[in-house]
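Colleague: Got data_22.csv for you, CSV, C-alpha atoms:
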```csv
chain,number,residue,atom,x,y,z
A,522,MET,CA,-21.7,-19.4,13.2
A,523,THR,CA,-22.5,-19.5,9.5
A,524,PRO,CA,-19.8,-20.0,6.8
A,525,ARG,CA,-20.1,-16.3,5.8
A,526,GLU,CA,-19.7,-15.2,9.4
A,527,LEU,CA,-16.7,-17.4,9.9
A,528,MET,CA,-15.1,-16.0,6.7
A,529,ALA,CA,-15.9,-12.5,7.9
A,530,ARG,CA,-14.1,-13.2,11.1
A,531,ALA,CA,-11.1,-14.5,9.1
A,532,ILE,CA,-11.1,-11.2,7.2
A,533,GLN,CA,-11.1,-9.2,10.5
A,534,LEU,CA,-8.1,-11.2,11.6
A,535,ALA,CA,-6.3,-10.5,8.4
A,536,GLU,CA,-6.8,-6.8,8.9
A,537,ARG,CA,-4.6,-7.0,12.0
A,538,GLY,CA,-1.7,-7.4,9.7
A,539,LEU,CA,-2.5,-4.2,7.7
A,540,TYR,CA,0.7,-2.5,8.6
A,541,THR,CA,3.1,-5.4,9.1
A,542,THR,CA,3.0,-8.2,6.6
A,543,MET,CA,4.6,-6.5,3.6
A,544,PRO,CA,5.7,-7.8,1.1
A,545,ASN,CA,3.5,-10.8,2.0
A,546,PRO,CA,-0.3,-10.6,1.8
A,547,ARG,CA,-2.6,-10.0,4.7
A,548,VAL,CA,-4.3,-13.3,5.6
A,549,GLY,CA,-6.6,-14.5,8.3
A,550,CYS,CA,-7.7,-18.0,9.2
A,551,VAL,CA,-10.4,-19.6,11.4
A,552,ILE,CA,-10.8,-23.2,12.3
A,553,ALA,CA,-14.4,-24.3,13.2
A,554,ASP,CA,-16.0,-27.6,14.3
A,555,SER,CA,-19.0,-29.2,12.6
A,556,GLU,CA,-21.4,-27.0,14.6
A,557,GLY,CA,-19.7,-23.8,13.4
A,558,ASN,CA,-18.0,-23.1,16.7
A,559,ILE,CA,-14.6,-21.5,16.5
A,560,VAL,CA,-11.8,-23.9,17.6
A,561,ALA,CA,-8.8,-21.6,16.8
A,562,GLU,CA,-7.8,-18.4,15.0
A,563,GLY,CA,-4.7,-17.1,13.4
A,564,TRP,CA,-3.4,-14.4,11.1
A,565,HIS,CA,-0.1,-13.6,9.3
A,566,GLN,CA,1.6,-11.1,11.5
A,567,ARG,CA,4.9,-10.4,9.7
A,568,ALA,CA,7.0,-11.6,6.8
A,569,GLY,CA,9.1,-14.5,7.9
A,570,LEU,CA,6.7,-15.5,10.7
A,571,PRO,CA,4.2,-18.4,10.4
A,572,HIS,CA,1.3,-17.9,8.0
A,573,ALA,CA,-2.2,-17.6,9.2
A,574,GLU,CA,-3.0,-21.3,8.8
A,575,ILE,CA,0.0,-22.4,10.8
A,576,GLU,CA,-0.8,-19.9,13.5
A,577,ALA,CA,-4.4,-21.3,13.8
A,578,LEU,CA,-3.3,-25.0,13.6
A,579,SER,CA,-0.8,-24.4,16.4
A,580,VAL,CA,-3.6,-23.2,18.6
A,581,ALA,CA,-6.1,-25.9,17.6
A,582,GLY,CA,-3.8,-28.9,18.1
A,583,ASP,CA,-5.8,-32.1,17.9
A,584,GLY,CA,-9.0,-30.0,17.6
A,585,ALA,CA,-8.1,-29.4,13.9
A,586,ARG,CA,-8.9,-33.1,13.1
A,587,GLY,CA,-12.1,-33.3,11.2
A,588,ALA,CA,-12.6,-29.5,11.4
A,589,THR,CA,-13.3,-26.9,8.7
A,590,VAL,CA,-10.7,-24.2,7.9
A,591,TYR,CA,-11.8,-20.8,6.7
A,592,VAL,CA,-8.9,-18.9,5.2
A,593,THR,CA,-9.0,-15.6,3.2
A,594,LEU,CA,-6.4,-16.7,0.6
A,595,GLU,CA,-5.7,-20.0,-1.0
A,596,PRO,CA,-3.2,-22.0,1.2
A,597,CYS,CA,0.3,-21.8,-0.3
A,598,SER,CA,1.8,-24.9,-1.9
A,599,HIS,CA,5.4,-23.8,-2.2
A,600,THR,CA,8.3,-23.4,0.2
A,601,GLY,CA,9.5,-19.8,0.8
A,602,ARG,CA,10.7,-18.5,4.2
A,603,THR,CA,8.1,-20.9,5.7
A,604,GLY,CA,6.8,-24.3,4.7
A,605,PRO,CA,3.7,-25.0,2.5
A,606,CYS,CA,0.5,-24.3,4.4
A,607,ALA,CA,-1.3,-26.9,2.2
A,608,ASP,CA,1.0,-29.7,3.5
A,609,ALA,CA,0.4,-28.6,7.1
A,610,LEU,CA,-3.4,-28.7,6.7
A,611,ILE,CA,-3.2,-32.1,5.2
A,612,GLN,CA,-1.1,-33.4,8.0
A,613,SER,CA,-3.4,-31.9,10.6
A,614,GLY,CA,-6.4,-34.0,9.4
A,615,VAL,CA,-8.8,-31.2,8.6
A,616,ALA,CA,-11.9,-32.3,6.7
A,617,ARG,CA,-12.7,-29.2,4.7
A,618,VAL,CA,-11.1,-26.0,3.6
A,619,VAL,CA,-13.2,-22.9,2.6
A,620,TYR,CA,-11.1,-20.2,0.9
A,621,GLY,CA,-11.9,-16.6,0.2
A,622,MET,CA,-9.9,-16.2,-3.1
A,623,GLN,CA,-7.3,-18.0,-5.1
A,624,ASP,CA,-3.6,-17.1,-5.0
A,625,PRO,CA,-3.2,-14.2,-7.5
A,626,ASN,CA,0.2,-15.4,-8.6
A,627,PRO,CA,-0.5,-17.1,-12.0
A,628,ALA,CA,2.5,-19.4,-11.5
A,629,VAL,CA,1.0,-21.1,-8.4
A,630,SER,CA,-2.7,-20.2,-8.4
A,631,GLY,CA,-4.9,-23.2,-7.8
A,632,ARG,CA,-2.0,-25.6,-6.9
A,633,GLY,CA,-2.6,-25.3,-3.2
A,634,LEU,CA,-6.3,-26.1,-3.7
A,635,GLN,CA,-5.5,-29.0,-5.9
A,636,LYS,CA,-3.1,-30.5,-3.4
A,637,LEU,CA,-5.8,-30.4,-0.8
A,638,LYS,CA,-8.3,-32.1,-3.1
A,639,ASP,CA,-5.8,-34.8,-4.0
A,640,ALA,CA,-5.4,-35.5,-0.3
A,641,GLY,CA,-9.1,-36.0,0.0
A,642,ILE,CA,-9.9,-32.7,1.7
A,643,GLU,CA,-13.2,-31.1,0.7
A,644,VAL,CA,-12.5,-27.6,-0.8
A,645,GLU,CA,-15.1,-24.9,-1.2
A,646,GLY,CA,-14.9,-21.3,-2.4
A,647,PRO,CA,-14.4,-18.6,-3.2
A,648,LEU,CA,-16.4,-17.0,-0.4
A,649,LEU,CA,-16.7,-13.3,0.3
A,650,GLU,CA,-14.2,-12.9,-2.5
A,651,GLU,CA,-14.6,-9.2,-3.0
A,652,GLN,CA,-13.9,-8.5,0.6
A,653,CYS,CA,-10.9,-10.8,0.6
A,654,ARG,CA,-9.5,-9.1,-2.5
A,655,ALA,CA,-9.8,-5.7,-0.8
A,656,LEU,CA,-7.3,-6.9,1.9
A,657,ASN,CA,-4.4,-7.0,-0.6
A,658,PRO,CA,-4.8,-4.7,-3.6
A,659,GLY,CA,-1.1,-4.2,-3.9
A,660,PHE,CA,-0.1,-7.9,-3.6
A,661,ILE,CA,-2.7,-8.8,-6.2
A,662,LYS,CA,-1.6,-6.2,-8.7
A,663,ARG,CA,2.0,-7.0,-8.3
A,664,MET,CA,1.4,-10.7,-8.8
A,665,THR,CA,-0.8,-10.3,-11.9
A,666,LEU,CA,0.6,-7.2,-13.6
A,667,GLY,CA,4.1,-6.8,-12.2
A,668,LEU,CA,3.2,-3.3,-10.8
A,669,PRO,CA,2.4,-1.9,-7.4
A,670,PHE,CA,-0.9,-0.4,-6.4
A,671,VAL,CA,-0.5,3.3,-6.5
A,672,ARG,CA,-2.4,5.5,-4.0
A,673,CYS,CA,-2.1,9.3,-4.5
A,674,LYS,CA,-2.7,11.5,-1.4
A,675,SER,CA,-3.4,15.2,-1.6
A,676,ALA,CA,-4.8,17.9,0.7
A,677,MET,CA,-6.7,20.8,-0.5
A,678,SER,CA,-8.9,23.7,0.6
A,679,LEU,CA,-12.6,24.0,-0.2
A,680,ASP,CA,-11.7,25.9,-3.3
A,681,GLY,CA,-9.4,23.2,-4.5
A,682,ARG,CA,-6.0,24.8,-3.6
A,683,THR,CA,-3.1,23.1,-1.9
A,684,ALA,CA,-0.8,25.9,-1.0
A,685,MET,CA,-0.4,29.7,-1.2
A,686,ALA,CA,1.3,31.1,-4.2
A,687,SER,CA,4.5,31.4,-2.1
A,688,GLY,CA,4.4,27.6,-1.5
A,689,GLU,CA,3.3,28.0,2.2
A,690,SER,CA,1.1,25.0,3.0
A,691,LYS,CA,1.4,24.1,6.7
A,692,TRP,CA,-1.1,23.1,7.6
A,693,VAL,CA,-4.0,22.9,5.1
A,694,THR,CA,-5.7,20.1,7.1
A,695,GLY,CA,-6.0,19.3,10.8
A,696,PRO,CA,-4.5,16.8,13.2
A,697,ALA,CA,-7.0,14.0,12.5
A,698,ALA,CA,-6.3,14.1,8.8
A,699,ARG,CA,-2.6,14.1,9.4
A,700,ALA,CA,-2.9,11.1,11.6
A,701,ASP,CA,-4.8,9.3,8.9
A,702,VAL,CA,-2.0,10.1,6.5
A,703,GLN,CA,0.5,8.4,8.9
A,704,ARG,CA,-1.6,5.3,8.8
A,705,LEU,CA,-1.6,5.4,4.9
A,706,ARG,CA,2.2,5.6,5.1
A,707,ALA,CA,2.4,2.7,7.5
A,708,ARG,CA,0.4,0.4,5.1
A,709,SER,CA,2.7,1.4,2.2
A,710,CYS,CA,5.9,-0.2,1.0
A,711,ALA,CA,7.2,3.0,-0.5
A,712,ILE,CA,6.4,6.7,-0.4
A,713,VAL,CA,7.1,8.6,-3.6
A,714,THR,CA,7.7,12.4,-3.7
A,715,GLY,CA,9.3,14.9,-6.1
A,716,VAL,CA,12.5,16.9,-5.7
A,717,GLU,CA,10.6,20.2,-5.6
A,718,THR,CA,8.7,19.0,-2.5
A,719,VAL,CA,12.0,18.0,-0.9
A,720,ARG,CA,13.6,21.3,-1.7
A,721,PHE,CA,10.7,23.5,-0.5
A,722,ASP,CA,9.0,21.5,2.3
A,723,ASN,CA,12.0,19.4,3.5
A,724,PRO,CA,9.7,16.6,4.7
A,725,ASN,CA,10.9,13.4,6.6
A,726,LEU,CA,8.2,11.2,5.0
A,727,ASN,CA,8.6,8.6,7.7
A,728,VAL,CA,6.0,6.8,9.9
A,729,ARG,CA,5.8,8.3,13.4
A,730,ALA,CA,4.1,6.1,15.9
A,731,ASP,CA,3.1,9.0,18.2
A,732,GLU,CA,1.1,10.6,15.4
A,733,MET,CA,-0.9,7.6,14.2
A,734,ALA,CA,-3.7,7.8,16.7
A,735,LEU,CA,-3.5,4.1,17.4
A,736,GLU,CA,-2.9,2.1,20.5
A,737,LEU,CA,0.7,2.4,21.5
A,738,LEU,CA,1.7,-1.2,20.8
A,739,ALA,CA,0.0,-1.3,17.4
A,740,ALA,CA,1.5,2.1,16.5
A,741,GLU,CA,5.0,1.0,17.5
A,742,GLN,CA,4.7,-2.3,15.5
A,743,ALA,CA,3.4,-0.3,12.4
A,744,ALA,CA,6.4,2.1,12.6
A,745,GLU,CA,8.9,-0.6,13.2
A,746,VAL,CA,9.6,-1.3,9.5
A,747,GLN,CA,9.7,2.1,7.7
A,748,PRO,CA,8.6,2.3,4.1
A,749,LEU,CA,11.2,3.1,1.4
A,750,ARG,CA,11.3,6.8,0.7
A,751,VAL,CA,11.6,7.6,-3.1
A,752,ILE,CA,12.6,10.9,-4.6
A,753,VAL,CA,11.9,11.5,-8.3
A,754,ASP,CA,14.9,13.7,-9.2
A,755,SER,CA,15.9,13.8,-12.8
A,756,LYS,CA,18.8,16.2,-12.3
A,757,LEU,CA,19.9,15.2,-8.8
A,758,ARG,CA,19.0,18.5,-7.1
A,759,THR,CA,18.2,16.9,-3.8
A,760,PRO,CA,20.1,18.7,-1.0
A,761,PRO,CA,22.5,16.2,0.7
A,762,LYS,CA,21.3,17.6,4.1
A,763,ALA,CA,17.6,17.1,3.4
A,764,PHE,CA,15.6,15.5,6.2
A,765,ILE,CA,14.4,12.8,3.9
A,766,LEU,CA,18.0,11.4,3.8
A,767,GLN,CA,18.2,11.2,7.6
A,768,GLY,CA,16.8,8.6,10.1
A,769,ASP,CA,16.5,4.9,9.8
A,770,ALA,CA,14.1,4.7,6.8
A,771,PRO,CA,15.9,4.0,3.5
A,772,THR,CA,15.9,6.5,0.7
A,773,LEU,CA,16.1,5.9,-3.0
A,774,VAL,CA,16.8,8.8,-5.4
A,775,ALA,CA,15.5,8.0,-8.9
A,776,THR,CA,17.3,9.9,-11.6
A,777,THR,CA,18.4,9.8,-15.2
A,778,ALA,CA,21.7,9.3,-17.1
A,779,GLY,CA,22.0,13.0,-17.7
A,780,ALA,CA,22.4,13.8,-14.0
A,781,ASP,CA,25.7,15.3,-12.6
A,782,ILE,CA,27.8,12.4,-11.3
A,783,SER,CA,29.4,14.6,-8.6
A,784,ARG,CA,25.9,15.2,-7.2
A,785,ARG,CA,25.4,11.4,-7.1
A,786,ASP,CA,28.5,10.9,-5.0
A,787,ARG,CA,27.4,13.5,-2.5
A,788,LEU,CA,23.9,11.9,-2.1
A,789,GLU,CA,25.4,8.4,-1.7
A,790,GLN,CA,27.7,9.7,1.0
A,791,ALA,CA,24.6,11.1,2.7
A,792,GLY,CA,23.1,7.7,2.8
A,793,ALA,CA,20.9,7.6,-0.3
A,794,GLU,CA,20.8,4.9,-2.9
A,795,VAL,CA,20.9,6.6,-6.4
A,796,LEU,CA,19.2,4.6,-9.2
A,797,VAL,CA,19.5,5.6,-12.8
A,798,LEU,CA,16.3,4.9,-14.8
A,799,PRO,CA,15.3,5.6,-18.4
A,800,ALA,CA,14.1,9.1,-19.2
A,801,ASP,CA,10.7,10.0,-20.8
A,802,GLY,CA,10.4,12.2,-23.8
A,803,LYS,CA,10.9,15.3,-21.7
A,804,GLY,CA,14.1,14.1,-20.0
A,805,ARG,CA,12.4,13.3,-16.8
A,806,VAL,CA,12.4,10.0,-14.9
A,807,ASP,CA,10.1,7.5,-16.7
A,808,LEU,CA,7.4,6.8,-14.1
A,809,SER,CA,6.5,3.4,-15.7
A,810,ALA,CA,10.1,2.3,-15.3
A,811,LEU,CA,10.1,3.5,-11.7
A,812,LEU,CA,6.9,1.5,-10.9
A,813,LYS,CA,8.3,-1.6,-12.5
A,814,GLU,CA,11.5,-1.3,-10.4
A,815,LEU,CA,9.5,-0.8,-7.2
A,816,ALA,CA,7.5,-3.9,-8.0
A,817,ARG,CA,10.7,-5.8,-8.6
A,818,ARG,CA,11.7,-4.7,-5.1
A,819,GLN,CA,8.5,-6.4,-3.8
A,820,CYS,CA,6.6,-3.1,-3.2
A,821,ASN,CA,2.9,-3.9,-3.0
A,822,GLU,CA,1.3,-0.5,-2.3
A,823,ILE,CA,3.0,2.8,-2.8
A,824,LEU,CA,1.8,6.2,-1.6
A,825,VAL,CA,2.5,9.3,-3.8
A,826,GLU,CA,2.9,12.4,-1.6
A,827,SER,CA,4.1,15.2,-3.8
A,828,GLY,CA,3.2,18.5,-5.3
A,829,ALA,CA,0.8,19.3,-8.1
A,830,THR,CA,3.3,18.6,-10.9
A,831,LEU,CA,4.4,15.0,-10.0
A,832,SER,CA,1.0,14.0,-8.7
A,833,GLY,CA,-0.6,15.3,-11.9
A,834,GLU,CA,1.9,13.4,-14.0
A,835,PHE,CA,1.2,10.2,-12.2
A,836,LEU,CA,-2.5,10.8,-12.7
A,837,TYR,CA,-2.4,11.9,-16.3
A,838,ARG,CA,-0.3,8.9,-17.3
A,839,GLY,CA,-2.8,6.5,-15.8
A,840,HIS,CA,-0.6,5.2,-13.0
A,841,VAL,CA,-2.9,6.0,-10.1
A,842,ASP,CA,-5.3,3.3,-8.8
A,843,GLU,CA,-6.8,5.3,-5.9
A,844,LEU,CA,-7.0,9.0,-5.1
A,845,ILE,CA,-7.3,10.2,-1.5
A,846,VAL,CA,-8.0,13.8,-1.1
A,847,TYR,CA,-8.4,15.6,2.2
A,848,MET,CA,-10.6,18.7,1.9
A,849,ALA,CA,-10.3,21.4,4.6
A,850,PRO,CA,-13.0,23.9,5.4
A,851,LYS,CA,-10.8,26.8,4.3
A,852,LEU,CA,-10.5,29.1,1.3
A,853,LEU,CA,-7.0,29.8,0.0
A,854,GLY,CA,-8.0,32.1,-2.9
A,855,SER,CA,-7.5,32.2,-6.6
A,856,THR,CA,-3.8,32.9,-6.6
A,857,ALA,CA,-3.1,29.7,-4.5
A,858,ARG,CA,-1.6,26.6,-6.1
A,859,PRO,CA,-4.0,24.0,-7.7
A,860,LEU,CA,-4.4,20.4,-6.6
A,861,PHE,CA,-2.9,18.9,-9.8
A,862,GLU,CA,-1.2,20.3,-12.8
A,863,LEU,CA,-2.9,18.6,-15.8
A,864,PRO,CA,-2.6,19.6,-19.4
A,865,ILE,CA,-6.4,19.6,-20.1
A,866,ALA,CA,-7.9,22.3,-22.3
A,867,ARG,CA,-11.3,20.9,-23.4
A,868,MET,CA,-14.2,19.3,-21.6
A,869,GLY,CA,-13.8,16.3,-23.9
A,870,SER,CA,-10.4,15.6,-22.4
A,871,VAL,CA,-11.4,15.6,-18.7
A,872,LEU,CA,-10.2,12.7,-16.6
A,873,PRO,CA,-13.1,10.8,-14.9
A,874,VAL,CA,-12.9,9.4,-11.4
A,875,THR,CA,-15.4,7.4,-9.3
A,876,ILE,CA,-15.9,8.5,-5.7
A,877,THR,CA,-16.1,5.3,-3.6
A,878,ASP,CA,-16.1,6.9,-0.1
A,879,MET,CA,-16.5,10.2,1.6
A,880,ARG,CA,-16.2,10.7,5.4
A,881,ALA,CA,-15.4,13.3,8.0
A,882,VAL,CA,-11.9,13.1,9.5
A,883,GLY,CA,-11.9,15.6,12.3
A,884,HIS,CA,-12.9,18.9,10.9
A,885,ASP,CA,-11.9,17.9,7.4
A,886,TRP,CA,-13.4,15.5,4.8
A,887,ARG,CA,-11.6,12.5,3.2
A,888,ILE,CA,-12.6,11.7,-0.3
A,889,THR,CA,-11.6,8.4,-1.8
A,890,ALA,CA,-11.9,7.8,-5.5
A,891,THR,CA,-10.8,5.3,-8.1
A,892,THR,CA,-9.6,6.1,-11.6
A,893,ASP,CA,-10.1,4.4,-15.0
A,894,ILE,CA,-7.5,6.3,-16.9
A,895,GLU,CA,-5.4,4.4,-19.4
A,896,ARG,CA,-2.5,6.1,-21.3
```
Output the structure of this file as structure tokens.
Modeller:
Amino acid sequence: MTPRELMARAIQLAERGLYTTMPNPRVGCVIADSEGNIVAEGWHQRAGLPHAEIEALSVAGDGARGATVYVTLEPCSHTGRTGPCADALIQSGVARVVYGMQDPNPAVSGRGLQKLKDAGIEVEGPLLEEQCRALNPGFIKRMTLGLPFVRCKSAMSLDGRTAMASGESKWVTGPAARADVQRLRARSCAIVTGVETVRFDNPNLNVRADEMALELLAAEQAAEVQPLRVIVDSKLRTPPKAFILQGDAPTLVATTAGADISRRDRLEQAGAEVLVLPADGKGRVDLSALLKELARRQCNEILVESGATLSGEFLYRGHVDELIVYMAPKLLGSTARPLFELPIARMGSVLPVTITDMRAVGHDWRITATTDIER
């Protein structure tokens, strides 16, 4: 196999950790002999378990001596919950390391590579860097900017409506699209919604293995660690008996100093964590402060699942990195609710997006777009 093929295989291995490695990055590793034959493989499966390189080295044994290691992310050089992978590679006697991308943490970036070089190991890379970066958009953004990667999910009809004027919305899209949303939740560290969605729709916002359309074992592993559920609720109007406060998944209610303290006590008794954050100019929770707090809690990717108001605010303020819109072959009519509430009155103020993917999901269409909005 060629170096590109071996790195592509390492990327495939890293993808196996899509739902389970948070807050750590998804990493894959392949060890090959001088002829390009695979000796061993490994990937990071879960935070606290061995990293991809250690997994591969444990399989390779003495076969690692004189071999080439292909790893999607620069081997770590520091001790966390596990030991430094760079040290393990040096001790194994590998001759060469090919990396996909450097560690995005500016405090440690390049140190692992330098340690390998100092030990006499040949180091090459980056190789297939764009594909390797795509494995960990949230980890990269958190390490470089101190913010999580924000993915905003919405579902609409062909005429751009999300619900009837009454608020009725179940179900705009079909089962395949809803299974896809379960998988989006599973790869996220947190799911953010607004108090109006909680009050009207009363969602659970958890990951349900039986609805993911994955093999049973993979689905159960994905649902084992539930994402943090976050309610943006400036006045603490969340009902203490709401479904989102029930179950094993933790729930954080983000509010402001102006909220009624008695309501805070009731929500905490119901199992929620209530966090007071700064308010914006309109007395609402400052979304920038919320995102910084989620990054501080090691959230890599977050999924915004909310109504038109909160989703529109995230988008208008430039906080959304990726939009995912499910479009159903239905017409809800002109009185139905819009996809986003955005204060745009002139063509010169429109918000541009770039569509990066469009595909059929059951009878619906999934549109993925990136934004370049800065506020």
Colleague: Could you pull out every residue with an atom within 7 Å of (-8.7, 7.7, -2.5), file coordinates, counting all atoms listed in the file, and send them as a list in words?
Modeller: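 Taken together, the residues in range are Arg672, Glu843, Leu844, Ile845, Val846, Ile888, Thr889, Ala890 and Thr891 of chain A.
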Colleague: In the coordinate frame of the file, compute which residues have an atom within 7 Å of (-16.5, -10.2, 3.3) when using all atoms listed in the file, and state them as a list in words.
Modeller: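 Residues found, by chain and rising number: Met528, Ala529, Ile532, Leu649, Glu650, Glu651, Gln652 and Cys653 of chain A.
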Colleague: Would you pick out the contacts of Ser809 in chain A at 12 Å or less, using all atoms listed in the file, so that residues sharing its chain but fewer than 4 positions from it are not included, and give the list as a ChimeraX atom specification?
Modeller: /A:667-669,671,798-801,805,813-816,834-835,838-841,896
Colleague: What lies within 6 Å of range 654-659 of chain A using only C-alpha atoms, ignoring chain neighbours under 5 positions off, as a VMD selection string?
Modeller: chain A and resid 546 669 to 670 821 to 822
Colleague: Check the smallest atom-to-atom distance from each of A:Ala561, A:Leu808, A:Ala849, A:Leu705 to Trp692 in chain A using all atoms listed in the file, then report the winner.
Modeller: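 Closest residue, counting all atoms listed in the file: A:Ala849.
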Colleague: Any idea what's packed within 8 Å of Tyr620 in chain A, counting all atoms listed in the file, ignoring anything in its chain fewer than 2 positions away? Could you give it as an NGL selection string?
Modeller: :A and (591-595 or 618 or 622-623 or 644-648)
Colleague: I want to know what sits within 7 Å of range 695-698 of chain A, based on only C-alpha atoms, with residues of the same chain fewer than 6 positions away left out; could you give that as a PyMOL selection string?
Modeller: chain A and resi 882-885
Colleague: Do a neighbour search on range 761-775 of chain A at 6 Å with all atoms listed in the file, toss out local chain neighbours closer than 3 positions, and write the hits as number ranges by chain.
Modeller: A: 723, 725, 747, 749-754, 788, 791, 793-796
Colleague: With only C-alpha atoms as the basis for distance, which of A:Gln703, A:Arg818, A:Leu831, A:Gly563 is at the shortest distance from Thr718 in chain A?
Modeller: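 Among the listed residues, the smallest separation from Thr718 in chain A belongs to A:Leu831.
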Colleague: What gap, in Å, lies between CA of Leu527 in chain A and CA of Thr541 in chain A?
Modeller: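 These atoms are spaced 23.2 Å apart.
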Colleague: Expressed in Å to a single decimal, how great is the separation between CA of Arg682 in chain A and CA of Leu812 in chain A?
Modeller: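 Atom-to-atom, CA of Arg682 in chain A and CA of Leu812 in chain A are spaced 27.6 Å apart.
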Colleague: Using all atoms listed in the file, which of A:Lys756, A:Arg706, A:Arg867, A:Lys803 sits nearest Leu824 in chain A?
Modeller: A:Arg706
Colleague: Looking at only C-alpha atoms, which of A:Cys597, A:Cys606, A:Val716, A:Leu735 is the one that sits closest to Thr759 in chain A?
Modeller: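 The shortest atom-to-atom distance to Thr759 in chain A comes from A:Val716.
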Colleague: Can you tell me how far CA of Arg525 in chain A sits from CA of Val551 in chain A, in Å to one decimal?
Modeller: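 Computing the Euclidean distance for CA of Arg525 in chain A and CA of Val551 in chain A yields 11.7 Å.
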Colleague: Considering all atoms listed in the file, can you say which of A:Asp680, A:Glu536, A:Glu574, A:Asp583 comes closest to Ser855 in chain A?
Modeller: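 Comparing A:Asp680, A:Glu536, A:Glu574, A:Asp583 against Ser855 in chain A, the winner is A:Asp680.
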Colleague: Of the residues A:Met848, A:Ala588, A:Ile876, A:Ile712, which is the one nearest to Glu556 in chain A, using only C-alpha atoms?
Modeller: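 Among the listed residues, the smallest separation from Glu556 in chain A belongs to A:Ala588.
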